[in-house]
Amino acid sequence: MEIAAIFLPLAAAFIAGFFGRFIGDRGAQIVTCAAVLAAAAISVMLFMQIGLGGPEAARTVELFTWIDSGSFEVSWALRLDTLTAVMLVVVNGVSAMVHVYSVGYMSHDPSKARFMAYLSLFTFMMLMLVTADNLLQMFFGWEGVGLASYLLINFWFHKTSANDASMKAFLVNRVGDFGFALGIMAVFLIFGTIQFDQIFAQVAAKADLSINFLGFQVHALTCACLLLFVGAMGKSAQLGLHTWLPDAMEGPTPVSALIHAATMVTAGVFMLARMSPVFEYAPAALSFVTVMGALTAIVAATIGMTQFDIKRVIAYSTMSQLGYMFFAIGVGAYPAAVFHLMTHAFFKALLFLGAGSVIHAMSDEQDMRNMGGIWKLIPVTYVMMWIGNLALAGIPFFAGYYSKDMILEVAYAKHTAAGSFAFWLGLGAALMTAFYSWRLLILTFHGRPRANETVMAHVHESPLVMLLPLCVLAVGALFSGWVAYDWFVGHDWAEFWGESILMRAGEHGTIIDAAHHVPAWVPLSPFIAGLIGIALAYLFYMIKPDLPGQFVGAFRSLHGIVFRKYYFDELYNALFVKPAMALGFGLWKGGDQVVIDGFGPDGAARVTRGLSVVASRLQTGYVFHYAFVMVIGVVALVGWFWFR
Amino acid sequence: MADLPILTLTTFLPLVGAFFILVIRGDAETVARNARAVALWTSLITFIISLFILTNFDPSNPGFQLVEEYAWLPSYKIAYIKGVDGVSIWFVLASTFLTPICVLASWTSVEKRVKEFMIALLVLETMMVGMFTALDFVLFYLFFEGVLLPMFLLIGVWGGPQRVYAAYKFFLYTFIGSVLMLLAILAMYLTTGTMDMRVMLDYQFASDLQKWLWVAFFIAFAVKTPIWPLHTWLPFAHVEAPTAGSVMLAGVMLKMGGYGLIRANVQMLPVGTAWATDFVFVLSVVAIMYASLVALAQTDMKKMIAYSSVAHMGYVTMGIFTMNHQGLDGAMFQMLSHTVVSAALFLCIGVAYNRLHTREMAAYGGLAHNMPRYAVVFMVFMLASVGLPGTSGFVGEFLTMLGAFQVNTWVAFFAATGLVLGAAYMLLLYRMLFFGKLDKPEVKAMPDLSWQEMAYFAPLIAIVLIMGVYPASFKDVYMPTVEKILTDHQASLQAAGLTAPAPVQAASIETVAPAAAVNASEN
């Protein structure tokens with residue numbers, strides 16, 4: 001059963017990709033949608049069985065050996081525990097909806113089969129990632145989703161901007177993978193294995209170990225965890241390695257919903273949750289994760305407030321929400337992070353697909369300055385966007401409310417400097433989140449229409465095949481928080497997670513227990529922050545529409561920095577990209593051609609007779625010259641035998 | 001088949017084919033057609049026979065197998081000895097596997113002197129197989145040098161406009177290497193009194209002598225591998241060579257360097273190896289970063305792949321000299337993977353070159369529109385070269401780095417930069433060729449892969465994926481030999497009164513506990 005859930009998408013990708021010409025576009029769509037829908041159904045069954053049926057149902061299905069070299073042994077295996085089961089539902093569920101949606105969204109595209117094949121391939125790689133029972137298989141899925149992301153961002157490969165964005169995504173992720181790979185090696189050096197259960201069994205015994213890394217004697221587990229976190233930073237677009245995510249919006253919108261919002265970018269969160277038994281023994285690494293997560297949350301939120309591209313706003317929102325998940329991990333509340341991961345997958349996929357529906361209606365316009373006044377024309381999409389934004393802003397009883405509240409509570413309850421830092425930044429980001437969400441709603445749907453008349457005349461609600469997935473995701477955005485609260489972080493959490501997540505208990509129990517005993521104003525604060533944000537957005541964009549302009553005028557330099565995304569791209573270009581190219585060119589022309597050849601072959605030629613003479617001689621009979629040398633060698637050899 | 005001298009048969013069968021081509025008479029058209037056919041059939045039959053080497057080979061036996069021994073110059077203890085072990089067997093098969101592919105790839109692209117071209121290819125095959133199976137140093141040296149003759153012809157006669165300079169460079173580098181190797185072999189002969197390599201493998205040379213011998217062998221093999229800074233002949237040789245020449249050069253000839261390093265430097269000179277480990281690490285790491293950066297600056301696609309070879313072979317030398325399980329295993333695997341991947345990439349470039357006759361990347365663009373099959377094929381090999389998990393490229397690269405990490409984290413750290421840089425230049429190449437608008441009329445006119453081309457790409461793709469997903473299929477054959485090399489190395493170091501540095505000990509197969517390398521200080 002579990003094998004079907006994971007390999008059906010691969011089979012579908014294979015069929016759609018290589019036999020798309022024979023089965024036609026319609027055939028490819030049917031095959032891929034059916035496969036992923038079936039996989040989603042099986043995932044729900046597995047979740048019932050493993051997640052709700054108790055930890056005894058957790059199991060590992062060994063497939064076959066992958067790499068076996070001395071003491072280094074890695075198998076292809078499917079590890080099924082609660083954490084995996086949750087991810088299976090999220091990945092296959094959102095993926096199935098996106099598959100169906102794509103049938104409608106890509107209906108005017110000439111290469112439908114290729115698109116569906118890529119989507120299914122992505123799904124398979126993501127499933128390999130979440131079912132891995134060792135770090136290397138996770139790395140396989142990790143790089144595999146990176147490949148699928150690269151292919152999908154670059155789906156319209158005739159566009160130079162898409163080429164740039166896809167290369168950037170692959171390379172920035174590779175920088176993260178550089179850390180991940182070294183992290184795997186460090187884990188192997190420390191534990192002598194990279195298989196999860198074997199690692200976890202030894203963690204306590206290795207808690208005080210130190211290793212030599214780059215000449216420094218460092219705490220072994222902290223070192224390994226930080227290296228792994230570098231990988232997570234790349235994939236989950238944390239501050240510093242985030243620059244690829246906004247550009248990734250070059251891909252078709254369903255891709256943004258599936259890969260760059262709901263699933264792939266959360267892989268880093270998943271990885272850290274999976275490695276929780278190790279991270280629990282590396283407090284310094286966790287503090288670093290907290291600070292990075294909090295900074296990401298706030299920085300992305302500020303940028304999100306200034307952007308005009310509807311997809312980029314949501315992209316920065318994603319980055320900001322990922323920051324929340326990471327600081328939840330940082331304070332040790334892995335269930336809270338995974339809870340937010342799950343609710344976020346639903347409402348963010350909903351927002352992206354809703355934005356896709358808007359873009360579809362507006363004849364591929366993405367700039368919110370050219371939208372407005374369309375809410376009556378596309379009412380269903382409008383309602384869906386409202387639901388998504390309510391969930392995102394953490395308004396009570398929507399999905400995001402439960403998870404975001406929980407995250408802020410655990411940050412507060414941690415009572416450390418890093419935890420408080422994260423709490424206050426997170427609270428600020430919550431205000432900004434509500435602000436940019438309603439800014440998006442108002443700019444897109446309300447006010448006077450700013451598009452030209454031909455576009456406006458063409459505005460239409462999307463077909464049913466696109467609206468249906470929106471409705472399904474809306475159900476998730478409405479109820480998933482309420483339904484899953486007790487399982488994930490409420491009353492039943494210990495039983496629900498079983499051994500798939502480890503949290504070390506302090507004197508007041510685990511961090512989740514502590515979070516249920518924070519002062520009453522703490523759970524209320526994000527809601528109030530959200531209300532303020534919404535009110536401000538109404539003030540700025542509905543009541544006094546000239547206020548944003550005045551505001552920007554008053555804080556021109558500050559706004560410029562934020563609007564230009566803190567100049568990360570420019571900085572990295574100047575620091576890494578250009579120097580690498582220049583260095584490469586310099587080493588080639590200077591190193592190879594001047595120094596090495598100058599002292600080597602060319603220099604030798606000059607010393608003997610001059611290159612031209614040698615060359616002309618060689619031209620007439622260099623083979624014989626060479627043969628001559630060889631003969632001399634042989635003669636010398638034989639001669640020596642003769643006369644010795 | 002067991003009692004037949006398979007190794008000798010595999011070695012000299014191509015020569016028989018070459019002889020038949022030599023005697024073909026008739027008008028130019030007939031000669032060319034027959035020469036192609038004879039070359040293809042000869043190389044195919046040779047490949048099939050070489051498969052029997054594999055079936056008759058017992059992977060659990062780490063020693064030399066299928067040994068053939070005939071007296072040659074008995075009074076001088078020089079004999080005709082052939083045999084294979086886990087280290088050499090795959091290279092023999094790589095040679096016999098790539099030759100028919102090269103014949104196919106040259107089917108239409110080589111138009112002048114077809115007869116001579118095919119003869120050169122077959123002679124090259126004989127020399128390569130001979131070299132990998134030789135167990136007598138005189139034989140080894142003859143074949144090692146013999147490889148260069150047909151390769152010279154391939155570059156010199158069928159090469160590009162700068163072939164003279166390329167051949168000259170090639171000549172100078174290899175000449176110096178050969179002379180040094182010859183001296184080293186003579187010195188070893190003086191000490192042991194025999195040319196039998198099996199004796200030398202067990203012989204304990206004096207420590208001081210080992211260092212001199214090690215340097216001599218190292219320079220000879222470093223030129224072949226190539227190891228920075230002895231690599232500058234390679235880009236030129238590749239650029240000027242015809243496709244088949246590049247395929248053989250990258251696929252098999254570079255591995256002669258790696259094979260030699262394992263066979264002579266590591267196995268025969270353990271003390272020298274331990275003495276020079278850090279030195280090789282530095283060169284390897286420099287090679288990986290330097291060559292990757294230089295590859296980034298290239299506009300000529302063949303040069304880019306040539307420099308990528310230098311970087312990939314940097315992982316090999318790094319892995320070999322970690323002298324631990326993962327490192328040596330990874331180095332072997334990386335060599336095999338590189339054999340397939342680099343050969344395939346040069347074939348891919350040949351496809352584009354045959355259609356447009358330029359190697360400038362900027363001349364292409366948007367090929368994914370009109371050559372989708374080609375785009376998929378190229379993508380697979382691009383990803384394998386980048387080292388994506390699931391392809392052959394990943395396994396070797398990762399294992400060598402894992403091996404290095406246990407010895408010295410700096411080495412692994414710098415080597416891992418290749419993950420980023422390697423992806424950078426390969427993605428750049430792919431993008432220049434395949435993405436963007438299809439607006440150049442001559443590029444638009446390029447037809448997609450023919451069935452002939454698909455025929456030789458298909459097995460290469462299959463191998464890349466099988467090696468990536470189930471590497472044991474290839475590794476099982478050489479693992480016992482690798483284990484034996486490691487135990488022998490430890491034993492010789494102990495015999496020489498040198499204990500190996502701590503991390504190496506930890507990774508040795510008996511203790512099987514790399515964690516022991518961790519400094520278990522209680523903080």
# chains A, B, ... in the order shown; residues from 1 in each chain; ligands from 1
>>> residues_around(residues="A:Ile67", least_positions_apart="5", cutoff="12 Å", atoms="only C-alpha atoms", output="VMD selection string")
(chain A and resid 72 to 76 134 136 to 137 194) or (chain B and resid 326 329 to 330 333 389 to 390 392 394 to 396 398 to 399 467 to 476)
>>> write_last_selection(atoms="N, CA, C and O atoms", output="compact mmCIF listing (two decimals), in the first residue's frame")
# COMPACT_ATOMS: atom_id res chain seq x y z
N PHE A 72 29.79 2.04 5.88
CA PHE A 72 28.77 2.98 5.41
C PHE A 72 27.72 2.20 4.62
O PHE A 72 27.98 1.71 3.53
N GLU A 73 26.54 2.05 5.23
CA GLU A 73 25.48 1.27 4.57
C GLU A 73 24.21 2.09 4.50
O GLU A 73 23.75 2.62 5.50
N VAL A 74 23.66 2.18 3.32
CA VAL A 74 22.43 2.95 3.13
C VAL A 74 21.48 2.14 2.27
O VAL A 74 21.88 1.56 1.26
N SER A 75 20.23 2.10 2.68
CA SER A 75 19.23 1.37 1.90
C SER A 75 18.18 2.33 1.36
O SER A 75 17.98 3.42 1.88
N TRP A 76 17.52 1.90 0.30
CA TRP A 76 16.28 2.52 -0.10
C TRP A 76 15.21 1.94 0.82
O TRP A 76 15.02 0.74 0.86
N ASN A 134 16.87 7.38 6.17
CA ASN A 134 18.26 7.75 6.41
C ASN A 134 18.52 9.10 5.74
O ASN A 134 17.73 9.54 4.90
N LEU A 136 20.73 10.00 3.61
CA LEU A 136 21.12 10.05 2.20
C LEU A 136 19.92 9.94 1.27
O LEU A 136 19.86 10.60 0.24
N GLN A 137 18.96 9.11 1.65
CA GLN A 137 17.74 9.04 0.83
C GLN A 137 17.00 10.38 0.91
O GLN A 137 16.42 10.84 -0.07
N ILE A 194 24.14 6.67 9.16
CA ILE A 194 23.27 7.81 8.88
C ILE A 194 21.82 7.34 8.84
O ILE A 194 20.95 8.01 8.29
N GLN B 326 35.64 4.25 2.26
CA GLN B 326 34.75 5.06 1.44
C GLN B 326 35.53 5.84 0.39
O GLN B 326 35.07 5.99 -0.74
N ASP B 329 36.88 3.33 -2.40
CA ASP B 329 35.69 2.83 -3.09
C ASP B 329 35.09 3.93 -3.96
O ASP B 329 34.79 3.75 -5.14
N GLY B 330 34.95 5.11 -3.36
CA GLY B 330 34.38 6.24 -4.08
C GLY B 330 35.23 6.62 -5.27
O GLY B 330 34.71 6.96 -6.34
N PHE B 333 34.60 4.22 -8.02
CA PHE B 333 33.28 4.43 -8.59
C PHE B 333 33.23 5.72 -9.41
O PHE B 333 32.64 5.77 -10.49
N PRO B 389 21.88 12.96 -6.89
CA PRO B 389 21.64 11.63 -6.33
C PRO B 389 20.68 10.85 -7.23
O PRO B 389 19.71 11.41 -7.74
N GLY B 390 20.96 9.57 -7.39
CA GLY B 390 20.15 8.77 -8.31
C GLY B 390 20.86 8.57 -9.64
O GLY B 390 20.50 7.70 -10.42
N SER B 392 24.88 8.12 -11.53
CA SER B 392 26.16 7.53 -11.15
C SER B 392 27.09 8.58 -10.53
O SER B 392 27.91 8.26 -9.68
N PHE B 394 26.74 10.91 -8.46
CA PHE B 394 26.60 11.23 -7.04
C PHE B 394 27.39 10.27 -6.16
O PHE B 394 28.09 10.69 -5.24
N VAL B 395 27.26 8.99 -6.44
CA VAL B 395 27.80 7.97 -5.54
C VAL B 395 29.31 8.18 -5.32
O VAL B 395 29.78 8.24 -4.17
N GLY B 396 30.03 8.31 -6.43
CA GLY B 396 31.48 8.45 -6.32
C GLY B 396 31.88 9.74 -5.63
O GLY B 396 32.71 9.76 -4.72
N PHE B 398 30.16 11.61 -3.61
CA PHE B 398 29.82 11.64 -2.19
C PHE B 398 30.75 10.75 -1.37
O PHE B 398 31.23 11.15 -0.31
N LEU B 399 31.00 9.54 -1.88
CA LEU B 399 31.86 8.62 -1.11
C LEU B 399 33.27 9.17 -0.96
O LEU B 399 33.88 9.06 0.12
N MET B 467 23.85 2.56 -12.22
CA MET B 467 24.95 2.85 -11.29
C MET B 467 24.49 3.78 -10.18
O MET B 467 24.98 3.70 -9.05
N GLY B 468 23.56 4.66 -10.49
CA GLY B 468 23.11 5.61 -9.50
C GLY B 468 22.16 5.02 -8.48
O GLY B 468 22.19 5.37 -7.31
N VAL B 469 21.29 4.12 -8.94
CA VAL B 469 20.25 3.60 -8.05
C VAL B 469 20.70 2.32 -7.36
O VAL B 469 20.38 2.08 -6.21
N TYR B 470 21.45 1.51 -8.08
CA TYR B 470 21.92 0.25 -7.49
C TYR B 470 23.41 0.08 -7.76
O TYR B 470 23.82 -0.77 -8.56
N PRO B 471 24.22 0.88 -7.10
CA PRO B 471 25.66 0.85 -7.39
C PRO B 471 26.30 -0.48 -7.08
O PRO B 471 27.37 -0.79 -7.63
N ALA B 472 25.67 -1.28 -6.22
CA ALA B 472 26.28 -2.56 -5.87
C ALA B 472 26.55 -3.41 -7.09
O ALA B 472 27.48 -4.20 -7.13
N SER B 473 25.72 -3.23 -8.14
CA SER B 473 25.91 -4.01 -9.36
C SER B 473 27.31 -3.84 -9.91
O SER B 473 27.86 -4.74 -10.53
N PHE B 474 27.92 -2.68 -9.70
CA PHE B 474 29.28 -2.47 -10.18
C PHE B 474 30.29 -2.62 -9.05
O PHE B 474 31.38 -3.10 -9.25
N LYS B 475 29.88 -2.20 -7.87
CA LYS B 475 30.83 -2.17 -6.76
C LYS B 475 31.23 -3.56 -6.27
O LYS B 475 32.37 -3.78 -5.88
N ASP B 476 30.26 -4.49 -6.30
CA ASP B 476 30.53 -5.81 -5.75
C ASP B 476 31.75 -6.47 -6.40
O ASP B 476 32.45 -7.25 -5.78
>>> residues_around(residues="stretch 207-222 of chain B", least_positions_apart="4", cutoff="7 Å", atoms="only C-alpha atoms", output="list of chain:residue names")
B:Gly177, B:Ser178, B:Leu180, B:Met181, B:Ala184, B:Pro226, B:Ile227, B:Leu230, B:Gly257, B:Gly260, B:Leu261, B:Asn265, B:Leu269, B:Val271, B:Gly272
>>> closest_atom_pairs(of="stretch 393-431 of chain B", to="stretch 287-296 of chain B", cutoff="10 Å", atoms="only C-alpha atoms", output="tab-separated table")
residue	atom	partner	partner_atom	distance
B:Phe414	CA	B:Met289	CA	7.5
B:Ala415	CA	B:Ile288	CA	6.4
B:Ala416	CA	B:Ile288	CA	9.0
B:Thr417	CA	B:Met289	CA	7.1
B:Gly418	CA	B:Ile288	CA	6.2
B:Leu419	CA	B:Ser292	CA	9.8
B:Val420	CA	B:Ser292	CA	9.4
B:Leu421	CA	B:Ser292	CA	5.8
B:Gly422	CA	B:Ser292	CA	6.1
B:Ala423	CA	B:Ser292	CA	9.4
B:Ala424	CA	B:Leu296	CA	7.1
B:Tyr425	CA	B:Leu296	CA	4.9
B:Met426	CA	B:Leu296	CA	8.4
B:Leu428	CA	B:Leu296	CA	8.0
B:Leu429	CA	B:Leu296	CA	9.0
>>> interface_residues(of="chain A", to="chain B", cutoff="7 Å", atoms="only C-alpha atoms", output="PyMOL selection string")
chain A and resi 66-67+69-71+140+143+157-160+167+171+174-175+178+185+189-192+208-211+213-214+580-581+583-585+587-588+592+596+601+615+619+623
>>> residues_around(residues="stretch 567-569 of chain A", least_positions_apart="4", cutoff="10 Å", atoms="only C-alpha atoms", output="PyMOL selection string")
chain A and resi 239-244+560-563+573-575
>>> select_by_dssp(residues="stretch 393-521 of chain A", states="alpha helix (DSSP H)", output="PyMOL selection string")
chain A and resi 393+399-414+417-445+453-458+464-488+493-497+511-515+521
>>> residues_around(residues="B:Arg198", least_positions_apart="5", cutoff="12 Å", atoms="only C-alpha atoms", output="list in words")
Gly63, Phe64, Gln65, Val67, Glu69, Ala79, Ile81, Lys82, Gly83, Val84, Asp85, Ala134, Leu135, Asp136, Phe137, Thr192, Tyr203, Arg263, Ala264, Gln267 and Met268 of chain B
>>> select_by_dssp(residues="stretch 29-161 of chain B", states="strand (DSSP E)", output="MDAnalysis selection string")
chainID B and resid 65:73 78:84
>>> atom_distance(atom1="atom CA of A:Asp164", atom2="atom CA of A:Leu443")
28.9 Å
>>> residues_around(residues="A:Asp109", least_positions_apart="6", cutoff="12 Å", atoms="only C-alpha atoms", output="PyMOL selection string")
chain A and resi 25+102-103+115-116+155-156+252
>>> write_last_selection(atoms="N, CA and C atoms", output="compact mmCIF listing (two decimals), in the first residue's frame")
# COMPACT_ATOMS: atom_id res chain seq x y z
N ASP A 25 -2.60 14.79 -24.74
CA ASP A 25 -2.62 15.66 -23.57
C ASP A 25 -3.66 15.19 -22.55
N SER A 102 -4.35 22.28 -12.43
CA SER A 102 -3.50 22.54 -13.59
C SER A 102 -4.17 22.16 -14.90
N VAL A 103 -5.07 21.21 -14.84
CA VAL A 103 -5.79 20.82 -16.06
C VAL A 103 -6.49 22.05 -16.63
N PHE A 115 4.20 19.29 -18.57
CA PHE A 115 3.93 19.95 -17.29
C PHE A 115 3.43 18.94 -16.25
N MET A 116 2.47 18.11 -16.68
CA MET A 116 1.93 17.14 -15.73
C MET A 116 3.01 16.16 -15.29
N PHE A 155 9.78 26.22 -16.83
CA PHE A 155 8.86 25.51 -17.73
C PHE A 155 8.71 26.26 -19.05
N TRP A 156 8.58 27.57 -18.95
CA TRP A 156 8.53 28.38 -20.19
C TRP A 156 9.95 28.76 -20.53
N PRO A 252 4.90 28.65 -13.66
CA PRO A 252 3.45 28.73 -13.68
C PRO A 252 2.89 28.72 -12.25
>>> atom_distance(atom1="atom CA of A:Lys348", atom2="atom CA of A:Val299")
18.7 Å
>>> atom_distance(atom1="atom CA of A:Asn370", atom2="atom CA of A:Met385")
18.0 Å
>>> residues_around(residues="stretch 94-110 of chain B", least_positions_apart="2", cutoff="6 Å", atoms="only C-alpha atoms", output="PyMOL selection string")
chain B and resi 40+43-44+47+90-92+244+456
>>> closest_residue(among="A:Ile30, A:Ala257, A:Ala284, A:Leu473", to="A:Gly388", atoms="only C-alpha atoms")
A:Leu473
>>> closest_residue(among="A:Leu151, A:Ala204, A:Met275, A:Val291", to="B:Met379", atoms="only C-alpha atoms")
A:Leu151
>>> residues_around(residues="stretch 427-432 of chain A", least_positions_apart="5", cutoff="8 Å", atoms="only C-alpha atoms", output="ChimeraX atom specification")
/A:297-298,301-302,305,320,393-394,408,525-526,529-533
>>> closest_residue(among="A:Gln550, A:Ser120, A:Thr290, A:Ser437", to="A:Ala535", atoms="only C-alpha atoms")
A:Ser437
>>> decode(residues="stretch 114-141 of chain A", atoms="N, CA and C atoms", output="PDB file, in the first residue's frame")
ATOM      1  N   ARG A 114       4.079  17.497 -20.678  1.00  0.00           N
ATOM      2  CA  ARG A 114       5.360  17.737 -20.014  1.00  0.00           C
ATOM      3  C   ARG A 114       5.132  18.351 -18.640  1.00  0.00           C
ATOM      4  N   PHE A 115       4.197  19.287 -18.574  1.00  0.00           N
ATOM      5  CA  PHE A 115       3.926  19.945 -17.293  1.00  0.00           C
ATOM      6  C   PHE A 115       3.433  18.943 -16.252  1.00  0.00           C
ATOM      7  N   MET A 116       2.475  18.112 -16.677  1.00  0.00           N
ATOM      8  CA  MET A 116       1.929  17.139 -15.727  1.00  0.00           C
ATOM      9  C   MET A 116       3.008  16.157 -15.293  1.00  0.00           C
ATOM     10  N   ALA A 117       3.878  15.763 -16.238  1.00  0.00           N
ATOM     11  CA  ALA A 117       4.952  14.823 -15.901  1.00  0.00           C
ATOM     12  C   ALA A 117       5.872  15.428 -14.848  1.00  0.00           C
ATOM     13  N   TYR A 118       6.226  16.701 -15.026  1.00  0.00           N
ATOM     14  CA  TYR A 118       7.104  17.355 -14.055  1.00  0.00           C
ATOM     15  C   TYR A 118       6.434  17.402 -12.681  1.00  0.00           C
ATOM     16  N   LEU A 119       5.135  17.748 -12.676  1.00  0.00           N
ATOM     17  CA  LEU A 119       4.434  17.835 -11.394  1.00  0.00           C
ATOM     18  C   LEU A 119       4.464  16.494 -10.671  1.00  0.00           C
ATOM     19  N   SER A 120       4.187  15.426 -11.420  1.00  0.00           N
ATOM     20  CA  SER A 120       4.177  14.105 -10.791  1.00  0.00           C
ATOM     21  C   SER A 120       5.570  13.696 -10.344  1.00  0.00           C
ATOM     22  N   LEU A 121       6.575  14.051 -11.165  1.00  0.00           N
ATOM     23  CA  LEU A 121       7.957  13.743 -10.779  1.00  0.00           C
ATOM     24  C   LEU A 121       8.292  14.460  -9.474  1.00  0.00           C
ATOM     25  N   PHE A 122       7.885  15.705  -9.395  1.00  0.00           N
ATOM     26  CA  PHE A 122       8.120  16.449  -8.159  1.00  0.00           C
ATOM     27  C   PHE A 122       7.478  15.733  -6.970  1.00  0.00           C
ATOM     28  N   THR A 123       6.219  15.322  -7.170  1.00  0.00           N
ATOM     29  CA  THR A 123       5.507  14.666  -6.081  1.00  0.00           C
ATOM     30  C   THR A 123       6.258  13.432  -5.604  1.00  0.00           C
ATOM     31  N   PHE A 124       6.736  12.647  -6.564  1.00  0.00           N
ATOM     32  CA  PHE A 124       7.488  11.440  -6.197  1.00  0.00           C
ATOM     33  C   PHE A 124       8.732  11.793  -5.387  1.00  0.00           C
ATOM     34  N   MET A 125       9.471  12.783  -5.848  1.00  0.00           N
ATOM     35  CA  MET A 125      10.711  13.147  -5.150  1.00  0.00           C
ATOM     36  C   MET A 125      10.403  13.632  -3.726  1.00  0.00           C
ATOM     37  N   MET A 126       9.321  14.396  -3.613  1.00  0.00           N
ATOM     38  CA  MET A 126       8.940  14.892  -2.300  1.00  0.00           C
ATOM     39  C   MET A 126       8.567  13.725  -1.381  1.00  0.00           C
ATOM     40  N   LEU A 127       7.906  12.719  -1.963  1.00  0.00           N
ATOM     41  CA  LEU A 127       7.519  11.563  -1.154  1.00  0.00           C
ATOM     42  C   LEU A 127       8.754  10.780  -0.722  1.00  0.00           C
ATOM     43  N   MET A 128       9.746  10.683  -1.616  1.00  0.00           N
ATOM     44  CA  MET A 128      10.989  10.010  -1.234  1.00  0.00           C
ATOM     45  C   MET A 128      11.654  10.760  -0.083  1.00  0.00           C
ATOM     46  N   LEU A 129      11.552  12.065  -0.139  1.00  0.00           N
ATOM     47  CA  LEU A 129      12.163  12.881   0.920  1.00  0.00           C
ATOM     48  C   LEU A 129      11.500  12.594   2.268  1.00  0.00           C
ATOM     49  N   VAL A 130      10.155  12.592   2.280  1.00  0.00           N
ATOM     50  CA  VAL A 130       9.493  12.483   3.580  1.00  0.00           C
ATOM     51  C   VAL A 130       9.452  11.050   4.106  1.00  0.00           C
ATOM     52  N   THR A 131       9.646  10.062   3.218  1.00  0.00           N
ATOM     53  CA  THR A 131       9.629   8.691   3.714  1.00  0.00           C
ATOM     54  C   THR A 131      11.027   8.143   3.972  1.00  0.00           C
ATOM     55  N   ALA A 132      12.057   8.967   3.773  1.00  0.00           N
ATOM     56  CA  ALA A 132      13.421   8.476   3.932  1.00  0.00           C
ATOM     57  C   ALA A 132      13.637   7.925   5.339  1.00  0.00           C
ATOM     58  N   ASP A 133      14.414   6.858   5.412  1.00  0.00           N
ATOM     59  CA  ASP A 133      14.758   6.370   6.751  1.00  0.00           C
ATOM     60  C   ASP A 133      16.229   6.608   7.042  1.00  0.00           C
ATOM     61  N   ASN A 134      16.871   7.379   6.165  1.00  0.00           N
ATOM     62  CA  ASN A 134      18.259   7.754   6.411  1.00  0.00           C
ATOM     63  C   ASN A 134      18.518   9.096   5.741  1.00  0.00           C
ATOM     64  N   LEU A 135      19.607   9.716   6.108  1.00  0.00           N
ATOM     65  CA  LEU A 135      19.865  11.064   5.612  1.00  0.00           C
ATOM     66  C   LEU A 135      20.150  11.088   4.120  1.00  0.00           C
ATOM     67  N   LEU A 136      20.732  10.003   3.607  1.00  0.00           N
ATOM     68  CA  LEU A 136      21.121  10.047   2.201  1.00  0.00           C
ATOM     69  C   LEU A 136      19.917   9.942   1.274  1.00  0.00           C
ATOM     70  N   GLN A 137      18.956   9.107   1.647  1.00  0.00           N
ATOM     71  CA  GLN A 137      17.741   9.042   0.830  1.00  0.00           C
ATOM     72  C   GLN A 137      17.000  10.378   0.908  1.00  0.00           C
ATOM     73  N   MET A 138      17.047  10.985   2.085  1.00  0.00           N
ATOM     74  CA  MET A 138      16.452  12.316   2.201  1.00  0.00           C
ATOM     75  C   MET A 138      17.159  13.276   1.253  1.00  0.00           C
ATOM     76  N   PHE A 139      18.467  13.139   1.172  1.00  0.00           N
ATOM     77  CA  PHE A 139      19.236  13.985   0.264  1.00  0.00           C
ATOM     78  C   PHE A 139      18.853  13.722  -1.190  1.00  0.00           C
ATOM     79  N   PHE A 140      18.562  12.480  -1.491  1.00  0.00           N
ATOM     80  CA  PHE A 140      18.094  12.129  -2.850  1.00  0.00           C
ATOM     81  C   PHE A 140      16.803  12.879  -3.161  1.00  0.00           C
ATOM     82  N   GLY A 141      15.816  12.774  -2.241  1.00  0.00           N
ATOM     83  CA  GLY A 141      14.567  13.492  -2.453  1.00  0.00           C
ATOM     84  C   GLY A 141      14.797  14.991  -2.481  1.00  0.00           C
TER      85      GLY A 141
END
